[in-house]
There are 2 protein chains.
Amino acid sequence: MTATVPSAARRPESPGDSPSLRIARSALATSGHLADLDAFHDWFTDCGRRFAMEVGVVPLDALRGWRTDPATGDLRHESGRFYTVTGLEVHTPGAPVSRWRQPILDQPEVGVLGILAKEFDGVLHFLMQAKNEPGNPGGLQLSPTVQATRSNFTRVHGGSRVPYLDHFLDSSRHQVLADVRQSEQGAWFYRKRNRNMVVLVTEDVETLDGFCWLTLGQLHRLLAVDDLVNMDARTVLSCLPFAAAGLSDLHGGPAPDPFTAALVRSCEPGATDRQETRELLNWLSGFRSGREDRVLPVPLRDVDRWRVTDGRIVHEDGAFFSVMGVTVSAAGREVRSWSQPLIEPCDQGVCAFLVRQREGVLHLLVQAKAQPGFVDTAELAPTVQCTPSNYDVLPPGARPPYLAEVLSARPDQIRFDTVLAEEGGRFFRARNRYVVVETDEDHDTPRDGYRWVTMAQLSELLCHSHYLNVEARSLVACLHALSAGLRPDLETAFRH
Amino acid sequence: MTATVPSAARRPESPGDSPSLRIARSALATSGHLADLDAFHDWFTDCGRRFAMEVGVVPLDALRGWRTDPATGDLRHESGRFYTVTGLEVHTPGAPVSRWRQPILDQPEVGVLGILAKEFDGVLHFLMQAKNEPGNPGGLQLSPTVQATRSNFTRVHGGSRVPYLDHFLDSSRHQVLADVRQSEQGAWFYRKRNRNMVVLVTEDVETLDGFCWLTLGQLHRLLAVDDLVNMDARTVLSCLPFAAAGLSDLHGGPAPDPFTAALVRSCEPGATDRQETRELLNWLSGFRSGREDRVLPVPLRDVDRWRVTDGRIVHEDGAFFSVMGVTVSAAGREVRSWSQPLIEPCDQGVCAFLVRQREGVLHLLVQAKAQPGFVDTAELAPTVQCTPSNYDVLPPGARPPYLAEVLSARPDQIRFDTVLAEEGGRFFRARNRYVVVETDEDHDTPRDGYRWVTMAQLSELLCHSHYLNVEARSLVACLHALSAGLRPDLETAFRH
């Protein structure tokens with residue numbers, strides 16, 4: 001049934017029940033189905049004991065079920081599904097490094113990252129899963145309700161059914177709050193997209209072992225804990241339609257601090273938003289149209305300056321990342337043991353937004369960043385997104401703008417600062433320091449390729465593919481977490 | 001200068017000067033800088049006499065400046081720019097034809113299709129160009145102010161400067177009404193995008209020979225003339241922000257006919273639009289995520305079932321299209337003579353929207369259509385988009401839904417019916433019959449992959465890339481042309 005019901009026949013959203021205001025109320029709720037975060041940590045610790053996973057590093061040529069293609073050197077699963085480690089040749093005319101080749105993960109299928117939402121006692125809760133992945137730095141992380149590749153749900157690996165998946169594959173009985181295919185790491189994935197979904201249900205839903213319902217306020221506090229909320233959960237949370245008029249009124253009560261007030265106003269679409277959005281799209285369109293980058297898939301064996309050493313594929317300088325292999329034995333998963341290749345970055349990265357208050361509204365400094373794996377040239381990225389030590393082997397001109405400003409920020413400028421892991425199903429202990437740094441109102445006019453935007457503008461773009469990269473989306477989720485007044489210095493009680 | 005001026009410092013758009021209402025007023029104006037369409041036709045006929053173009057068909061191996069790559073068989077320009085004729089292998093699991101290879105045009109650069117807008121006596125006018133292209137069926141067509149490939153404006157072919165281009169490449173002094181990279185023919189172009197722009201200027205602009213200022217009402221009437229308004233103009237016009245609240249009031253006066261009234265209301269965003277847009281995006285996201293199509297570039301010489309015959313590349317069944325060559329001598333162009341390959345379809349096509357009035361609002365039946373050249377899997381297309389005679393060589397199950405209903409429509413159901421050409425710089429006499437057919441309010445529930453939408457929903461999507469294909473955009477421009485009450489049976493006076 002795909003007919004559009006005409007407007008007049010539909011109940012218009014009253015301000016009180018608009019999804020955005022329900023989301024805002026949930027963000028203010030720190031108690032819910034679970035009374036407090038102590039109860040959460042008890043549950044999570046118990047899950048960690050029961051859902052243990054043993055991960056062993058093995059040479060790539062010892063990965064069970066994976067084959068090196070004799071013609072290309074590409075590493076692929078013998079089923080032909082999952083993903084392939086292949087090569088990419090990148091041309092970026094005018095850049096400090098204008099041509100390189102690199103290994104890349106190719107996974108053309110679109111998976112589902114889905115969170116179920118449901119109201120308990122008038123407050124939206126989100127069904128989260130305690131899930132282990134072989135690349136996770138500390139074991140269990142908090143994940144979306146469903147995190148499934150198409151290979152998962154078309155049952156290629158012969159595992160059991162993915163719980164709750166049907167709510168997302170057939171969402172016609174439910175209210176869909178978000179459904180957008182979003183890119184993942186453009187440095188490591190070739191044109192990868194996952195479908196980010198939030199589905200609101202009213203029917204009874206069984207809470208299976210390993211799952212729990214949290215308010216957004218509780219989730220937001222957990223975002224400030226190192227290595228706890230996984231990448232998949234962060235990107236889905238960023239796609240929630242959190243921007244709306246009237247948020248300031250909802251917050252009401254005793255005036256929050258100026259930063260929080262400016263952040264909430266940044267989530268409210270303004271009167272001139274339509275023209276500002278046109279200008280933002282005009283700027284991004286000009287940036288994208290002016291680039292002459294070319295990206296060509298090449299056989300893995302033709303990727304020069306990378307070689308197999310000690311059972312892994314490494315860069316000759318030892319920089320960037322390596323491709324390595326693991327064997328996994330898991331309890332509480334649909335499949336008990338398997339092998340797979342993973343990408344292991346050489347060092348921890350930094351993802352940071354510079355933000356400023358301007359006439360009472362918080363603005364974020366985004367950059368338009370071309371990455372080789374993007375479907376559409378360039379996406380909006382954090383002000384700074386890099387692994388600083390990679391620049392040791394690159395020309396001095398390659399060092400990213402604003403990195404020094406982020407790394408030298410005073411403690412009182414730092415509004416958010418947490419080390420979070422990237423997807424542990426593809427990346428081995430890939431961690432980034434996610435930071436929000438407040439800067440002066442009269443900060444310099446941004447460089448070419450950078451632009452000040454509001455949260456409401458980003459939220460509008462997040463309804464569509466190809467606009468915000470996964471690192472920016474993680475930071476949008478972290479910034480949204482600050483909107484109820486979360487401050488890192490107040491939240492130490494919630495850390496493990 | 002890329003700083004965002006915060007909301008409070010900006011003059012909010014008052015309803016009276018919003019771009020959408022200024023566009024609507026221009027659509028109601030049938031007289032302007034040129035008093036009437038007779039004056040237009042006099043000017044256009046005079047241009048036709050002066051800007052003559054001689055086009056001769058030549059064998060592909062006789063094209064000056066073009067070389068067949070000895071390794072791949074690809075046909076490319078010796079400068080390495082412009083476009084390449086190469087091959088594509090397409091896999092569409094589950095389709096009536098699940099695997100094929102075909103020739104395709106590859107032009108990775110993003111060109112500019114731009115229309116300058118300016119107010120005269122309080123009415124927006126658009127600067128249009130009388131322009132010839134070698135593939136145009138009848139010579140001169142009405143084109144955007146600027147229609148330039150990147151090779152044009154980086155001066156690869158050594159021609160003279162493209163007039164008015166600077167207004168688009170540096171639009172910072174002007175108000176940008178539209179700027180979005182849109183796809184072109186997904187059947188014939190590999191991932192081609194052009195930047196569709198409308199820029200509003202207030203300064204004086206010299207009107208060069210071959211250019212004229214028209215109101216939108218005048219342009220709309222010319223859209224009903226066969227082979228007159230070119231594809232580039234149509235796609236740019238479709239990206240104008242024409243949807244707005246308050247359009248019905250503006251039209252006011254004597255009540256228009258019910259069809260026109262329903263069309264105008266379809267351009268007004270409704271109270272429940274946000275949720276309906278979420279549902280539309282949810283539907284499209286599901287369609288795109290469920291497809292397992294793969295598209296692989298292949299060397300032209302490996303394209304089986306196509307062969308070189310009589311100096312052109314043809315399908316062994318004589319169906320679909322051929323790749324052929326022309327030599328051109330032109331007056332009034334930046335370059336006087338050149339050669340190039342073009343795609344020539346075997347027959348005329350049909351592009352049609354079924355529309356219906358539902359509770360006073362016009363709805364259009366769109367299909368989600370996968371075409372091999374799209375950057376992002378599938379875009380929204382007209383209800384029917386095909387070359388009927390191509391199906392003579394395909395399995396019976398391949399015949400498109402709704403084609404019979406369109407071809408058998410009664411005269412009183414036909415709201416628009418004009419034969420229009422596709423881009424004559426790449427396609428040789430490629431013509432489609434563009435039709436709008438009104439159907440009953442209680443038309444069947446649409447098939448899978450089809451959905452009823454409003455003009456306002458399409459207008460919102462047209463701010464972004466990857467949503468409406470070029471055939472759907474042409475029809476949106478034609479439908480918009482009906483919003484001032486244009487009826488084909490009333491407009492014969494405007495035909496040549």
# chains A, B, ... in the order shown; residues from 1 in each chain; ligands from 1
>>> select_by_dssp(residues="region 145-213 of chain A", states="strand (DSSP E or B)", output="list in words")
Val146, Gln147, Ala148, Gln175, Val176, Leu177, Ala178, Asp179, Val180, Arg181, Gln182, Ser183, Phe189, Tyr190, Arg193, Asn194, Arg195, Asn196, Met197, Val198, Val199, Leu200, Val201, Phe211, Cys212 and Trp213 of chain A
>>> write_last_selection(atoms="N, CA, C and O atoms", output="CSV table (one decimal), in the first residue's frame")
chain,number,residue,atom,x,y,z
A,146,VAL,N,18.7,-2.8,15.6
A,146,VAL,CA,19.1,-3.7,14.5
A,146,VAL,C,20.3,-3.1,13.9
A,146,VAL,O,20.4,-1.9,13.6
A,147,GLN,N,21.3,-4.0,13.6
A,147,GLN,CA,22.5,-3.6,12.9
A,147,GLN,C,22.8,-4.8,12.0
A,147,GLN,O,23.4,-5.7,12.4
A,148,ALA,N,22.3,-4.7,10.8
A,148,ALA,CA,22.3,-5.9,9.9
A,148,ALA,C,22.8,-5.5,8.5
A,148,ALA,O,22.2,-4.6,7.9
A,175,GLN,N,5.1,4.6,12.5
A,175,GLN,CA,5.5,5.9,12.1
A,175,GLN,C,7.0,5.9,11.9
A,175,GLN,O,7.7,5.7,12.9
A,176,VAL,N,7.4,6.3,10.7
A,176,VAL,CA,8.9,6.3,10.5
A,176,VAL,C,9.4,7.7,10.8
A,176,VAL,O,9.0,8.7,10.2
A,177,LEU,N,10.3,7.8,11.8
A,177,LEU,CA,10.8,9.1,12.2
A,177,LEU,C,12.1,9.5,11.4
A,177,LEU,O,12.4,10.6,11.2
A,178,ALA,N,12.7,8.5,10.9
A,178,ALA,CA,13.9,8.7,10.1
A,178,ALA,C,14.2,7.5,9.2
A,178,ALA,O,14.0,6.4,9.6
A,179,ASP,N,14.6,7.7,8.0
A,179,ASP,CA,14.9,6.7,7.0
A,179,ASP,C,15.8,7.3,5.9
A,179,ASP,O,15.3,7.9,5.0
A,180,VAL,N,17.1,7.2,6.1
A,180,VAL,CA,18.0,7.8,5.1
A,180,VAL,C,19.2,7.0,5.0
A,180,VAL,O,19.8,6.5,6.0
A,181,ARG,N,19.6,6.7,3.7
A,181,ARG,CA,20.9,6.0,3.5
A,181,ARG,C,22.0,7.0,3.7
A,181,ARG,O,22.1,8.0,3.1
A,182,GLN,N,22.9,6.7,4.6
A,182,GLN,CA,24.1,7.6,4.9
A,182,GLN,C,25.4,6.9,4.6
A,182,GLN,O,25.5,5.6,4.8
A,183,SER,N,26.3,7.6,4.2
A,183,SER,CA,27.7,7.1,3.9
A,183,SER,C,28.4,6.7,5.2
A,183,SER,O,28.0,7.1,6.3
A,189,PHE,N,36.0,2.9,3.1
A,189,PHE,CA,34.9,2.2,2.4
A,189,PHE,C,34.6,2.8,1.1
A,189,PHE,O,34.6,4.1,0.9
A,190,TYR,N,34.4,2.0,0.0
A,190,TYR,CA,34.1,2.5,-1.3
A,190,TYR,C,32.6,2.5,-1.4
A,190,TYR,O,31.9,1.5,-1.5
A,193,ARG,N,26.9,2.6,2.0
A,193,ARG,CA,25.8,3.3,2.6
A,193,ARG,C,25.1,2.3,3.5
A,193,ARG,O,25.0,1.1,3.1
A,194,ASN,N,24.6,2.8,4.6
A,194,ASN,CA,23.7,2.0,5.4
A,194,ASN,C,22.4,2.8,5.6
A,194,ASN,O,22.4,4.1,5.5
A,195,ARG,N,21.3,2.1,5.8
A,195,ARG,CA,20.0,2.7,5.9
A,195,ARG,C,19.8,3.1,7.4
A,195,ARG,O,19.7,2.1,8.2
A,196,ASN,N,19.8,4.3,7.7
A,196,ASN,CA,19.6,4.8,9.1
A,196,ASN,C,18.1,5.0,9.3
A,196,ASN,O,17.5,5.8,8.7
A,197,MET,N,17.6,4.2,10.3
A,197,MET,CA,16.1,4.3,10.5
A,197,MET,C,15.8,4.4,11.9
A,197,MET,O,16.4,3.8,12.8
A,198,VAL,N,14.7,5.2,12.2
A,198,VAL,CA,14.1,5.2,13.5
A,198,VAL,C,12.6,5.0,13.3
A,198,VAL,O,12.0,5.7,12.5
A,199,VAL,N,12.1,4.0,13.9
A,199,VAL,CA,10.7,3.6,13.7
A,199,VAL,C,9.9,3.6,15.0
A,199,VAL,O,10.4,3.0,16.0
A,200,LEU,N,8.8,4.3,15.1
A,200,LEU,CA,8.1,4.5,16.3
A,200,LEU,C,6.9,3.5,16.3
A,200,LEU,O,6.1,3.5,15.3
A,201,VAL,N,6.9,2.7,17.3
A,201,VAL,CA,5.8,1.6,17.3
A,201,VAL,C,4.9,1.9,18.5
A,201,VAL,O,5.3,2.6,19.5
A,211,PHE,N,18.8,-6.5,25.3
A,211,PHE,CA,18.2,-5.2,24.8
A,211,PHE,C,17.7,-4.4,26.0
A,211,PHE,O,17.2,-5.0,27.0
A,212,CYS,N,17.7,-3.1,25.9
A,212,CYS,CA,17.0,-2.3,26.9
A,212,CYS,C,16.5,-1.0,26.4
A,212,CYS,O,17.0,-0.5,25.4
A,213,TRP,N,15.4,-0.5,27.0
A,213,TRP,CA,14.8,0.8,26.6
A,213,TRP,C,15.4,1.9,27.4
A,213,TRP,O,15.4,1.9,28.6
>>> select_by_dssp(residues="region 208-321 of chain B", states="helix (DSSP H, G or I)", output="JSON, numbers by chain")
{"B": [216, 217, 218, 219, 220, 221, 222, 223, 231, 232, 233, 234, 235, 236, 237, 238, 247, 248, 249, 250, 251, 258, 259, 260, 261, 262, 263, 264, 265, 266, 273, 274, 275, 276, 277, 278, 279, 280, 281, 282, 283, 284, 285, 286, 287, 288, 289, 300, 301, 302]}
>>> residues_around(residues="Leu247 (chain A)", least_positions_apart="2", cutoff="9 Å", atoms="only C-alpha atoms", output="PyMOL selection string")
chain A and resi 20-21+24+243-245+249-252+264-265+267-268
>>> closest_residue(among="A:Tyr467, A:Trp452, A:Phe320, A:Tyr83", to="chain B", atoms="only C-alpha atoms")
A:Trp452
>>> residues_around(residues="Pro297 (chain A)", least_positions_apart="5", cutoff="9 Å", atoms="only C-alpha atoms", output="number ranges by chain")
A: 86-90, 190
>>> write_last_selection(atoms="N, CA, C and O atoms", output="short mmCIF file (atom, residue, chain, number, x, y, z; two decimals), in the first residue's frame")
data_model
loop_
_atom_site.label_atom_id
_atom_site.label_comp_id
_atom_site.auth_asym_id
_atom_site.auth_seq_id
_atom_site.Cartn_x
_atom_site.Cartn_y
_atom_site.Cartn_z
N THR A 86 39.73 -4.48 -1.79
CA THR A 86 40.23 -4.25 -3.13
C THR A 86 41.06 -2.96 -3.13
O THR A 86 41.44 -2.49 -2.05
N GLY A 87 41.34 -2.40 -4.33
CA GLY A 87 42.20 -1.22 -4.37
C GLY A 87 41.51 -0.05 -5.02
O GLY A 87 40.51 -0.20 -5.73
N LEU A 88 42.01 1.14 -4.74
CA LEU A 88 41.46 2.37 -5.31
C LEU A 88 42.62 3.25 -5.75
O LEU A 88 43.64 3.35 -5.04
N GLU A 89 42.46 3.87 -6.92
CA GLU A 89 43.42 4.89 -7.35
C GLU A 89 42.71 6.23 -7.29
O GLU A 89 41.60 6.38 -7.82
N VAL A 90 43.32 7.19 -6.62
CA VAL A 90 42.68 8.47 -6.35
C VAL A 90 43.49 9.59 -6.98
O VAL A 90 44.71 9.66 -6.79
N TYR A 190 34.42 1.99 0.05
CA TYR A 190 34.09 2.47 -1.30
C TYR A 190 32.57 2.52 -1.44
O TYR A 190 31.91 1.49 -1.51
#
>>> residues_around(residues="region 31-43 of chain A", least_positions_apart="4", cutoff="12 Å", atoms="only C-alpha atoms", output="MDAnalysis selection string")
chainID A and resid 25:27 47:50 118:130 140:142 207 209:222 225 228 491 493:496
>>> atom_distance(atom1="CA of Lys369 (chain A)", atom2="CA of Asp448 (chain A)")
11.3 Å
>>> residues_around(residues="Ser151 (chain B)", least_positions_apart="2", cutoff="12 Å", atoms="only C-alpha atoms", output="short mmCIF file (atom, residue, chain, number, x, y, z; two decimals) with N, CA and C atoms, in the first residue's frame")
data_model
loop_
_atom_site.label_atom_id
_atom_site.label_comp_id
_atom_site.auth_asym_id
_atom_site.auth_seq_id
_atom_site.Cartn_x
_atom_site.Cartn_y
_atom_site.Cartn_z
N GLY A 290 33.35 22.22 -8.74
CA GLY A 290 34.67 22.69 -9.13
C GLY A 290 35.76 21.64 -9.00
N GLU A 292 37.86 18.21 -9.70
CA GLU A 292 38.09 17.31 -10.82
C GLU A 292 38.71 16.01 -10.34
N HIS B 77 38.06 12.23 -27.26
CA HIS B 77 38.65 13.40 -27.89
C HIS B 77 40.15 13.42 -27.62
N SER B 79 42.07 15.70 -26.86
CA SER B 79 42.46 16.55 -25.72
C SER B 79 42.28 15.82 -24.39
N GLY B 80 41.56 14.68 -24.40
CA GLY B 80 41.24 14.00 -23.15
C GLY B 80 40.03 14.60 -22.45
N ARG B 81 39.44 15.69 -22.99
CA ARG B 81 38.29 16.32 -22.33
C ARG B 81 37.01 15.99 -23.07
N PHE B 82 36.01 16.83 -22.89
CA PHE B 82 34.67 16.58 -23.43
C PHE B 82 34.13 15.25 -22.88
N TYR B 83 33.82 14.32 -23.72
CA TYR B 83 33.22 13.09 -23.24
C TYR B 83 33.79 11.92 -24.01
N GLN B 107 31.05 11.54 -19.16
CA GLN B 107 31.51 12.93 -19.10
C GLN B 107 31.54 13.33 -17.63
N PRO B 108 32.68 13.04 -16.96
CA PRO B 108 32.70 13.20 -15.50
C PRO B 108 32.60 14.63 -15.02
N GLU B 109 32.89 15.61 -15.85
CA GLU B 109 32.89 16.99 -15.37
C GLU B 109 31.46 17.53 -15.21
N VAL B 110 31.32 18.52 -14.34
CA VAL B 110 30.02 19.12 -14.08
C VAL B 110 29.94 20.47 -14.80
N GLY B 111 29.03 20.60 -15.74
CA GLY B 111 28.85 21.86 -16.46
C GLY B 111 27.82 22.76 -15.78
N VAL B 112 27.62 23.93 -16.36
CA VAL B 112 26.67 24.90 -15.80
C VAL B 112 25.52 25.10 -16.79
N GLN B 147 24.97 27.68 -21.02
CA GLN B 147 24.90 26.24 -21.18
C GLN B 147 26.32 25.84 -21.54
N ALA B 148 27.11 25.53 -20.50
CA ALA B 148 28.55 25.40 -20.72
C ALA B 148 29.09 24.18 -20.01
N THR B 149 29.81 23.35 -20.74
CA THR B 149 30.55 22.29 -20.08
C THR B 149 31.77 22.91 -19.41
N PHE B 153 34.35 26.24 -20.32
CA PHE B 153 34.81 27.43 -19.61
C PHE B 153 36.22 27.32 -19.11
N THR B 154 36.81 26.13 -19.16
CA THR B 154 38.26 26.11 -18.96
C THR B 154 38.96 26.20 -20.31
N ARG B 155 38.17 26.46 -21.39
CA ARG B 155 38.70 26.87 -22.68
C ARG B 155 39.51 25.80 -23.40
N VAL B 156 39.13 24.53 -23.23
CA VAL B 156 39.87 23.46 -23.89
C VAL B 156 39.78 23.59 -25.39
N HIS B 157 38.61 24.01 -25.89
CA HIS B 157 38.48 24.03 -27.34
C HIS B 157 38.90 25.37 -27.94
N GLY B 158 39.49 26.23 -27.10
CA GLY B 158 40.05 27.47 -27.64
C GLY B 158 39.02 28.44 -28.18
N GLY B 159 37.78 28.31 -27.78
CA GLY B 159 36.74 29.22 -28.25
C GLY B 159 36.79 30.53 -27.48
N ARG B 161 35.11 33.50 -24.85
CA ARG B 161 34.52 33.38 -23.52
C ARG B 161 33.02 33.12 -23.61
N VAL B 162 32.50 32.36 -22.66
CA VAL B 162 31.06 32.10 -22.61
C VAL B 162 30.38 33.32 -21.99
#
>>> residues_around(residues="Leu342 (chain A)", least_positions_apart="2", cutoff="12 Å", atoms="only C-alpha atoms", output="PyMOL selection string")
chain A and resi 55+57-60+63+75+83-85+103-105+133-136+188-189+312-313+321-328+339-340+344-345+422-430
>>> closest_residue(among="B:Ser171, B:Ser483, B:Thr202, B:Ser408", to="chain A", atoms="only C-alpha atoms")
B:Ser171
